[in-house]
>>> print(open('data-v3.txt').read())   # compact mmCIF, C-alpha atoms
# COMPACT_ATOMS: atom_id res chain seq x y z
CA MET A 266 117.51 92.85 80.06
CA ILE A 267 114.11 91.59 78.89
CA LYS A 268 113.62 89.74 82.18
CA LEU A 269 114.35 92.90 84.14
CA LEU A 270 111.87 94.96 82.14
CA LEU A 271 109.24 92.24 82.40
CA GLY A 272 109.79 92.01 86.15
CA LEU A 273 109.50 95.79 86.55
CA ALA A 274 106.32 95.81 84.47
CA ILE A 275 104.78 93.09 86.65
CA ILE A 276 105.76 94.91 89.84
CA TRP A 277 104.26 98.15 88.53
CA LEU A 278 101.02 96.44 87.48
CA VAL A 279 100.63 94.78 90.89
CA TRP A 280 101.33 98.06 92.68
CA ARG A 281 98.95 99.98 90.43
CA TYR A 282 95.98 97.63 90.55
CA TRP A 283 96.29 96.04 94.01
CA PRO A 284 93.14 96.96 95.98
CA ARG A 285 93.86 99.46 98.73
CA PRO A 286 91.80 99.58 101.91
CA ARG A 287 89.18 102.30 101.90
CA VAL A 288 89.65 104.87 104.63
CA ARG A 289 86.55 106.04 106.45
CA VAL A 290 86.41 109.77 106.02
CA VAL A 291 83.23 110.95 107.79
CA SER A 292 80.59 108.55 109.02
CA ASP A 293 77.62 110.72 109.99
CA ALA A 294 76.32 114.27 110.25
CA ALA A 295 77.21 114.59 113.95
CA GLU A 296 80.85 113.85 113.21
CA ALA A 297 80.78 116.25 110.25
CA ARG A 298 79.39 119.03 112.45
CA ALA A 299 82.07 118.32 115.05
CA ILE A 300 84.82 118.53 112.42
CA LEU A 301 83.54 121.84 111.06
CA GLY A 302 82.48 123.18 114.45
CA VAL A 303 78.97 124.16 113.43
CA GLU A 304 75.69 123.82 115.32
CA PRO A 305 73.02 121.29 114.28
CA GLY A 306 70.80 124.04 112.83
CA ALA A 307 73.53 125.76 110.82
CA ASP A 308 72.57 127.04 107.38
CA ALA A 309 74.51 126.46 104.16
CA ASP A 310 76.36 129.78 104.44
CA ALA A 311 77.61 128.95 107.95
CA ILE A 312 78.77 125.51 106.76
CA ARG A 313 80.64 127.05 103.82
CA ALA A 314 82.22 129.73 106.05
CA ALA A 315 83.39 127.11 108.58
CA HIS A 316 84.82 125.01 105.76
CA ARG A 317 86.69 127.99 104.29
CA ARG A 318 88.11 128.91 107.69
CA LEU A 319 89.33 125.37 108.39
CA VAL A 320 90.65 124.44 104.96
CA VAL A 321 93.07 127.38 105.00
CA GLY A 322 94.93 125.80 107.91
CA VAL A 323 94.80 122.13 106.88
CA HIS A 324 95.39 122.40 103.12
CA PRO A 325 98.52 120.52 101.98
CA ASP A 326 99.79 123.60 100.13
CA ARG A 327 99.82 125.46 103.44
CA GLY A 328 101.67 122.76 105.39
CA GLY A 329 98.65 120.70 106.42
CA SER A 330 97.95 117.11 105.54
CA ALA A 331 95.95 115.70 102.66
CA GLU A 332 93.99 113.47 105.05
CA LEU A 333 92.79 116.42 107.15
CA ALA A 334 91.81 118.36 104.04
CA ARG A 335 89.95 115.30 102.78
CA ARG A 336 88.03 115.00 106.07
CA VAL A 337 87.10 118.70 106.10
CA ASN A 338 85.91 118.52 102.49
CA ALA A 339 83.93 115.35 103.15
CA ALA A 340 82.28 116.93 106.20
CA ARG A 341 81.25 119.96 104.14
CA ASP A 342 79.90 117.79 101.33
CA LEU A 343 77.91 115.57 103.70
CA LEU A 344 76.34 118.50 105.52
CA LEU A 345 75.49 120.40 102.34
CA ARG A 346 73.95 117.26 100.79
CA SER A 347 71.73 116.71 103.81
CA HIS A 348 70.86 120.40 104.15
CA PRO A 349 67.27 121.23 103.11
>>> encode(input="data-v3.txt", output="structure tokens")
Amino acid sequence: MIKLLLGLAIIWLVWRYWPRPRVRVVSDAAEARAILGVEPGADADAIRAAHRRLVVGVHPDRGGSAELARRVNAARDLLLRSHP
């Protein structure tokens, strides 16, 4: 019984702390604009409106995927960070 518990603990620790590959979400502003569908000169309000419109359809609670929601959120964050 002790061996089983020890084995399960080791398996859990390896699974928990094994490094996972990082997934590239959004690489540059051009890709972020393409994801959100905004023009290069779009203001912060247009970026937020495009994000709101897209996230409704891709949110996991609405039947979308977590990866798509992550990409849309990352695109919004990148564009708002680089916005003057």
>>> residues_around(input="data-v3.txt", residues="A:Leu333", least_positions_apart="3", cutoff="10 Å", atoms="all atoms listed in the file", output="PyMOL selection string")
chain A and resi 290+300+319-320+322-325+329-330+336-339
>>> residues_around(input="data-v3.txt", residues="A:Leu345", least_positions_apart="5", cutoff="9 Å", atoms="only C-alpha atoms", output="JSON, numbers by chain")
{"A": [308, 309, 312, 313, 340]}
>>> axis_aligned_box(input="data-v3.txt", around="stretch 292-306 of chain A", padding_each_side="5 Å", output="JSON")
{"center_x": 77.8, "center_y": 116.4, "center_z": 112.2, "size_x": 24.0, "size_y": 25.6, "size_z": 16.3}
>>> closest_residue(input="data-v3.txt", among="A:Leu270, A:Pro284, A:Arg335, A:His316", to="A:Ala299", atoms="only C-alpha atoms")
A:His316
>>> atom_distance(input="data-v3.txt", atom1="atom CA of A:Ala307", atom2="atom CA of A:Arg346")
13.2 Å
>>> atom_distance(input="data-v3.txt", atom1="atom CA of A:Ala314", atom2="atom CA of A:Ala294")
17.1 Å
>>> atom_distance(input="data-v3.txt", atom1="atom CA of A:Val321", atom2="atom CA of A:Asp342")
16.7 Å
>>> closest_residue(input="data-v3.txt", among="A:Arg285, A:Asp293, A:Gly328, A:Arg341", to="A:Asp310", atoms="all atoms listed in the file")
A:Arg341
>>> closest_residue(input="data-v3.txt", among="A:Arg327, A:Lys268, A:Arg281, A:His348", to="A:Pro305", atoms="all atoms listed in the file")
A:His348
